[in-house]
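Here's the structure we're looking at; comments come further down.
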Amino acid sequence: RQQPSPMTSDRSARPVNSAFSRRTLDAAPLASAFEREGYLLFPRLLTRRATAQAQRAASRLLRRRHASVPSGWLLGLHQRNQPEPQRWVERIAADPAVARLVRALLGGSRPVLVSSQLFVKRAAGRADDEAAPSSGEVPWHQDGAAGGYSLAIWLPLDAIDPTGHNGGLAVLPRLHASGRLPSEPCEANAASFDRIQPEALAGHEATAVRYALAAGGAGLHGPLTPHSSPPNASGADRRVLV
């Protein structure tokens, strides 16, 4: 299935600032594609320099975390009540170009950063501390009950293999139009999910789009867009900022 392209050469569009790629973003057609498909892919959102800075910051955060904090899922990175709020996360979310894009995708609502997390799928066989989740599968699910007024920015800090070999994300396009799908609670990767019941996915999994992104690219999806990820079978950790 062809992935909707978010890039345009329209010189009248407002360019992203120096923290991001110098390409321009034309928000109106992107909003239309997002409403239709339920997701968008950006081959590169962060510049290579900004990506390297984010990778270093994430590695430092993982090294310095308290032993009681799971190495696979660090939550609330930007929150001011953290011992060390990660201001670099807030700067990415508050970038004028990103804010303008998100506002268009949310129908004009002023965007607010509600949550931030670093999700690490450990390399196969390397979940070597008790607090670490496995490198396993995350089932098909939809996100929280914020309706159409939220979205997730899925920003990998490591290249995502299009085969899913290192646990990259997959989405089911257009199924968000069916609304909230029947689900059942389950545990996966040391977290709780409302897994979509298999009968609700009948005939749809063949349409799945697997993300193929370089580090510093990004995928955006709405809360009702079903998404999942396979196990990380590679020899390297897969880090994603969400």
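Each chain of the structure tokens is named A, B, ... in the order shown, its residues numbered from 1; ligands are numbered from 1 in display order.
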* To do: Compile the contact shell of A:Leu181 as a ChimeraX atom specification: residues with an atom at most 8 Å away, counting only C-alpha atoms, same-chain residues fewer than 6 positions apart removed.
  => /A:196-197,200
* Could you tell me how far atom CA of A:Pro182 lies from atom CA of A:Pro70, in Å and to one decimal? => 29.6 Å
Contact check, stretch 133-173 of chain A to stretch 28-46 of chain A, at most 9 Å, counting only C-alpha atoms, closest pairs as CSV:
```
residue,atom,partner,partner_atom,distance
A:Leu155,CA,A:Leu45,CA,8.5
A:Val171,CA,A:Tyr39,CA,7.8
A:Leu172,CA,A:Gly38,CA,8.2
A:Pro173,CA,A:Glu37,CA,5.0
```
Expected file contents, prior selection, C-alpha atoms, as a PDB file, in the first residue's frame:
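See result.pdb below for the written result:
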```
ATOM      1  CA  LEU A 155       9.775   9.662  16.522  1.00  0.00           C
ATOM      2  CA  VAL A 171      -0.832   0.943  11.403  1.00  0.00           C
ATOM      3  CA  LEU A 172      -4.141   0.002   9.806  1.00  0.00           C
ATOM      4  CA  PRO A 173      -5.108   2.888   7.501  1.00  0.00           C
TER       5      PRO A 173
END
```
* Pull the strand (DSSP E) assignments for stretch 149-212 of chain A out of DSSP run on the backbone, and list those residues as a PyMOL selection string. => chain A and resi 152-156+170-171+183-188+191-196+209-210
Written file, previous selection with all heavy atoms, as a compact mmCIF listing (two decimals), in the first residue's frame:
```
# COMPACT_ATOMS: atom_id res chain seq x y z
N ALA A 152 -0.57 11.18 18.34
CA ALA A 152 0.75 10.77 18.82
C ALA A 152 1.78 11.05 17.74
O ALA A 152 1.54 10.78 16.55
CB ALA A 152 0.75 9.29 19.19
N ILE A 153 2.91 11.57 18.15
CA ILE A 153 4.08 11.71 17.28
C ILE A 153 5.06 10.61 17.67
O ILE A 153 5.54 10.57 18.80
CB ILE A 153 4.73 13.10 17.41
CG1 ILE A 153 3.73 14.20 17.05
CG2 ILE A 153 5.97 13.18 16.53
CD1 ILE A 153 4.28 15.60 17.22
N TRP A 154 5.31 9.70 16.76
CA TRP A 154 6.17 8.52 16.99
C TRP A 154 7.50 8.80 16.29
O TRP A 154 7.59 8.72 15.06
CB TRP A 154 5.47 7.29 16.42
CG TRP A 154 5.90 5.96 16.93
CD1 TRP A 154 5.44 5.30 18.02
CD2 TRP A 154 6.85 5.07 16.30
NE1 TRP A 154 6.04 4.07 18.13
CE2 TRP A 154 6.91 3.90 17.09
CE3 TRP A 154 7.64 5.16 15.15
CZ2 TRP A 154 7.73 2.82 16.77
CZ3 TRP A 154 8.47 4.09 14.84
CH2 TRP A 154 8.51 2.94 15.65
N LEU A 155 8.52 9.15 17.07
CA LEU A 155 9.78 9.66 16.52
C LEU A 155 10.92 8.71 16.88
O LEU A 155 11.41 8.71 18.00
CB LEU A 155 10.04 11.07 17.09
CG LEU A 155 10.98 11.99 16.32
CD1 LEU A 155 10.78 13.43 16.77
CD2 LEU A 155 12.44 11.60 16.48
N PRO A 156 11.34 7.87 15.93
CA PRO A 156 12.39 6.90 16.24
C PRO A 156 13.77 7.55 16.35
O PRO A 156 14.12 8.45 15.57
CB PRO A 156 12.34 5.94 15.05
CG PRO A 156 11.80 6.76 13.92
CD PRO A 156 10.85 7.73 14.55
N ALA A 170 3.41 -0.61 13.02
CA ALA A 170 2.53 -0.80 11.87
C ALA A 170 1.18 -0.19 12.21
O ALA A 170 0.76 -0.20 13.37
CB ALA A 170 2.38 -2.28 11.54
N VAL A 171 0.49 0.35 11.21
CA VAL A 171 -0.83 0.94 11.40
C VAL A 171 -1.81 0.35 10.40
O VAL A 171 -1.40 -0.19 9.35
CB VAL A 171 -0.80 2.48 11.23
CG1 VAL A 171 0.07 3.13 12.29
CG2 VAL A 171 -0.32 2.87 9.83
N SER A 183 -12.58 -4.46 22.32
CA SER A 183 -11.25 -4.83 22.79
C SER A 183 -11.34 -5.60 24.09
O SER A 183 -12.40 -5.70 24.71
CB SER A 183 -10.39 -3.58 22.97
OG SER A 183 -10.96 -2.73 23.96
N GLU A 184 -10.19 -6.11 24.51
CA GLU A 184 -10.10 -6.85 25.76
C GLU A 184 -8.75 -6.56 26.39
O GLU A 184 -7.75 -6.37 25.68
CB GLU A 184 -10.24 -8.36 25.50
CG GLU A 184 -9.25 -8.89 24.48
CD GLU A 184 -9.60 -10.28 23.96
OE1 GLU A 184 -10.73 -10.72 24.24
OE2 GLU A 184 -8.75 -10.89 23.29
N PRO A 185 -8.68 -6.46 27.72
CA PRO A 185 -7.40 -6.14 28.37
C PRO A 185 -6.39 -7.26 28.22
O PRO A 185 -6.74 -8.44 28.19
CB PRO A 185 -7.80 -5.92 29.83
CG PRO A 185 -9.08 -6.68 30.00
CD PRO A 185 -9.78 -6.63 28.68
N CYS A 186 -5.13 -6.87 28.09
CA CYS A 186 -4.05 -7.86 28.05
C CYS A 186 -2.77 -7.21 28.55
O CYS A 186 -2.69 -5.98 28.66
CB CYS A 186 -3.87 -8.40 26.63
SG CYS A 186 -3.03 -7.27 25.51
N GLU A 187 -1.78 -8.03 28.84
CA GLU A 187 -0.46 -7.56 29.27
C GLU A 187 0.54 -7.86 28.17
O GLU A 187 0.56 -8.96 27.62
CB GLU A 187 -0.03 -8.26 30.56
CG GLU A 187 -0.94 -8.00 31.75
CD GLU A 187 -0.87 -6.56 32.24
OE1 GLU A 187 0.24 -5.98 32.21
OE2 GLU A 187 -1.91 -6.02 32.64
N ALA A 188 1.35 -6.86 27.84
CA ALA A 188 2.40 -7.05 26.83
C ALA A 188 3.53 -6.09 27.12
O ALA A 188 3.30 -4.91 27.40
CB ALA A 188 1.85 -6.81 25.42
N ALA A 191 3.35 -3.87 30.17
CA ALA A 191 2.37 -2.79 30.17
C ALA A 191 1.00 -3.38 29.88
O ALA A 191 0.87 -4.49 29.37
CB ALA A 191 2.74 -1.75 29.11
N SER A 192 -0.03 -2.61 30.22
CA SER A 192 -1.40 -3.04 29.97
C SER A 192 -1.92 -2.40 28.69
O SER A 192 -1.72 -1.21 28.46
CB SER A 192 -2.30 -2.64 31.14
OG SER A 192 -1.89 -3.29 32.33
N PHE A 193 -2.58 -3.19 27.87
CA PHE A 193 -3.16 -2.72 26.63
C PHE A 193 -4.60 -3.22 26.53
O PHE A 193 -4.94 -4.26 27.07
CB PHE A 193 -2.38 -3.22 25.41
CG PHE A 193 -1.00 -2.65 25.28
CD1 PHE A 193 0.08 -3.28 25.88
CD2 PHE A 193 -0.78 -1.49 24.56
CE1 PHE A 193 1.36 -2.76 25.75
CE2 PHE A 193 0.49 -0.95 24.43
CZ PHE A 193 1.56 -1.59 25.03
N ASP A 194 -5.42 -2.46 25.80
CA ASP A 194 -6.74 -2.95 25.41
C ASP A 194 -6.60 -3.50 24.00
O ASP A 194 -6.71 -2.75 23.02
CB ASP A 194 -7.78 -1.83 25.48
CG ASP A 194 -8.12 -1.45 26.91
OD1 ASP A 194 -8.10 -2.34 27.77
OD2 ASP A 194 -8.38 -0.27 27.17
N ARG A 195 -6.32 -4.77 23.91
CA ARG A 195 -6.08 -5.42 22.62
C ARG A 195 -7.38 -5.52 21.83
O ARG A 195 -8.42 -5.94 22.34
CB ARG A 195 -5.51 -6.82 22.85
CG ARG A 195 -5.33 -7.65 21.59
CD ARG A 195 -4.70 -8.98 21.91
NE ARG A 195 -5.46 -9.70 22.93
CZ ARG A 195 -4.96 -10.69 23.67
NH1 ARG A 195 -3.69 -11.05 23.53
NH2 ARG A 195 -5.71 -11.29 24.57
N ILE A 196 -7.34 -5.09 20.57
CA ILE A 196 -8.52 -5.18 19.71
C ILE A 196 -8.86 -6.64 19.47
O ILE A 196 -7.97 -7.45 19.16
CB ILE A 196 -8.28 -4.44 18.38
CG1 ILE A 196 -7.99 -2.95 18.64
CG2 ILE A 196 -9.48 -4.59 17.45
CD1 ILE A 196 -7.55 -2.19 17.41
N VAL A 209 0.28 -1.00 7.13
CA VAL A 209 1.46 -0.27 6.64
C VAL A 209 2.52 -0.31 7.72
O VAL A 209 2.28 0.14 8.85
CB VAL A 209 1.10 1.19 6.29
CG1 VAL A 209 2.37 1.98 5.96
CG2 VAL A 209 0.12 1.24 5.13
N ARG A 210 3.67 -0.87 7.40
CA ARG A 210 4.78 -0.91 8.35
C ARG A 210 5.65 0.33 8.14
O ARG A 210 6.02 0.66 7.02
CB ARG A 210 5.63 -2.17 8.15
CG ARG A 210 4.89 -3.44 8.50
CD ARG A 210 5.83 -4.59 8.79
NE ARG A 210 5.10 -5.76 9.22
CZ ARG A 210 4.66 -5.94 10.46
NH1 ARG A 210 4.89 -5.03 11.37
NH2 ARG A 210 3.99 -7.03 10.78
```
* Within 6 Å of stretch 230-237 of chain A, counting only C-alpha atoms, which residues show up once you throw out same-chain ones fewer than 2 positions away? Write them as a PyMOL selection string, please. => chain A and resi 121-124+135-137+165-167
* To do: Could you tell me, as an NGL selection string, which residues of stretch 121-209 of chain A DSSP assigns to helix (DSSP H, G or I) when given the backbone?
  => :A and (147-149 or 175-178 or 198-201 or 205-207)
Just write the chosen residues, C-alpha atoms, as a compact mmCIF listing (two decimals), in the first residue's frame.
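The result, written out as out.txt:
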```txt
# COMPACT_ATOMS: atom_id res chain seq x y z
CA GLY A 147 -11.31 11.13 20.87
CA GLY A 148 -10.34 13.10 17.79
CA TYR A 149 -8.61 15.83 19.77
CA LEU A 175 -9.95 1.87 10.11
CA HIS A 176 -10.11 4.81 12.52
CA ALA A 177 -13.32 5.81 10.73
CA SER A 178 -15.01 2.82 12.39
CA PRO A 198 -9.45 -10.44 16.38
CA GLU A 199 -12.92 -10.50 14.79
CA ALA A 200 -12.89 -6.69 14.63
CA LEU A 201 -9.72 -6.86 12.50
CA GLU A 205 -4.60 -6.77 8.66
CA ALA A 206 -3.70 -7.26 5.00
CA THR A 207 -3.83 -3.46 4.60
```
* **Spatial neighbours of A:Arg103, max dist 10 Å, only C-alpha atoms, sep filter under 4 positions, as an NGL selection string** => :A and (27 or 31 or 97-99 or 107-112 or 149)
* Could you give me, as an NGL selection string, the residues within 12 Å of stretch 55-59 of chain A, counting only C-alpha atoms and dropping anything in the same chain fewer than 5 positions from it? => :A and (46 or 48-50 or 64-65 or 71-74 or 77 or 84-89 or 117-120 or 155-159 or 215-216 or 237-241)
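Candidate residues A:Pro83, A:Pro226, A:Gly179, A:Gly168 were compared for distance to A:Leu213, and the nearest is A:Gly168, using only C-alpha atoms.
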* Asked: With only C-alpha atoms as the atoms that count, which of A:Leu224, A:Ala218, A:Ala212, A:Leu75 lies nearest to A:Asp161?
  ->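 Counting only C-alpha atoms, the residue closest to A:Asp161 is A:Ala212.
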* Report the distance between atom CA of A:Val114 and atom CA of A:Thr225 in Å, rounded to one decimal place. =>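 According to the coordinates, atom CA of A:Val114 and atom CA of A:Thr225 are separated by 18.5 Å.
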* Test item: residues at most 8 Å from A:Ser150, only C-alpha atoms, excluding those fewer than 5 positions along its chain, as a PyMOL selection string -> chain A and resi 106+222-223
* Asked: Taking into account only C-alpha atoms, which residue in the set A:Ser229, A:Ile160, A:Gln82, A:Arg100 is nearest to A:Gly217?
  ->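 Looking only at the distances to A:Gly217, the closest residue turns out to be A:Ile160.
The two atoms in question, atom CA of A:Leu105 and atom CA of A:Val138, are spaced 25.9 Å apart.
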